[in-house]
Amino acid sequence: MNQGSRCTTDPTDAAPVVLPTVTAADLRRVGLPASPVQLQPDDGQALLGVPLVLRTTGGTVVRDTTVLGFPVRIRATPTSWTWDLGDGTRLGPTADPGRPYPRQTLTHTYTAPGDRTVTLTTTWSGEYTIAGLPYRPVEGTATTVSPGVGVHVLAGGNVLTAPDR
């Protein structure tokens with residue numbers, strides 16, 4: 001008959017368990033996704049002097065890993081985005097991921113025609129839990145860079161026409 005359990009060694013003899021600290025290097029190592037570059041119009045073209053709408057999507061990412069033999073769950077959240085518009089202009093860092101037309105919040109207007117490559121750098125903050133303990137913040141941040149998206153900037157011209165009669 002089982003009448004409970006009892007400790008067979010003196011608890012003061014037990015070595016304390018030292019839990020690992022998850023670092024920014026661990027945050028970078030878990031494979032965070034690059035935020036997608038989304039442009040409007042989305043046909044790879046922009047018109048000189050007309051705002052190009054910028055936005056991205058994505059949210060919190062959860063990754064399970066092991067650190068020093070302990071099961072760790074990392075929650076990473078994008079905190080800012082920096083746009084490189086390919087013409088020497090950088091927008092950000094901004095906490096705004098942008099919104100689609102007609103409520104756009106991020107735009108860029110090209111001032112010279114030509115081919116450009118738009119990239120997006122996302123900065124992530126994180127928090128972690130070890131073996132189900134309360135979440136703790138990760139010291140530092142990680143970044144991801146999106147693949148470049150090509151934009152062909154076109155110049156247009158004005159043409160006067162006579163009205164149809």
# chains A, B, ... in the order shown; residues from 1 in each chain; ligands from 1
>>> residues_around(residues="region 47-62 of chain A", least_positions_apart="3", cutoff="8 Å", atoms="only C-alpha atoms", output="ChimeraX atom specification")
/A:32,35-41,73-78,97-101,104-113,153-156
>>> select_by_dssp(residues="chain A", states="helix (DSSP H, G or I)", output="PyMOL selection string")
chain A and resi 11-13+24-29
>>> residues_around(residues="region 140-149 of chain A", least_positions_apart="6", cutoff="8 Å", atoms="only C-alpha atoms", output="list in words")
Thr23, Ala24, Ala25, Leu27, Arg28, Leu32, Pro33, Ala34, Ser35, Pro36, Val37, Gly44, Thr117, Val118, Thr119, Leu120, Thr121, Thr122, Thr123, Trp124, Ser125 and Gly126 of chain A
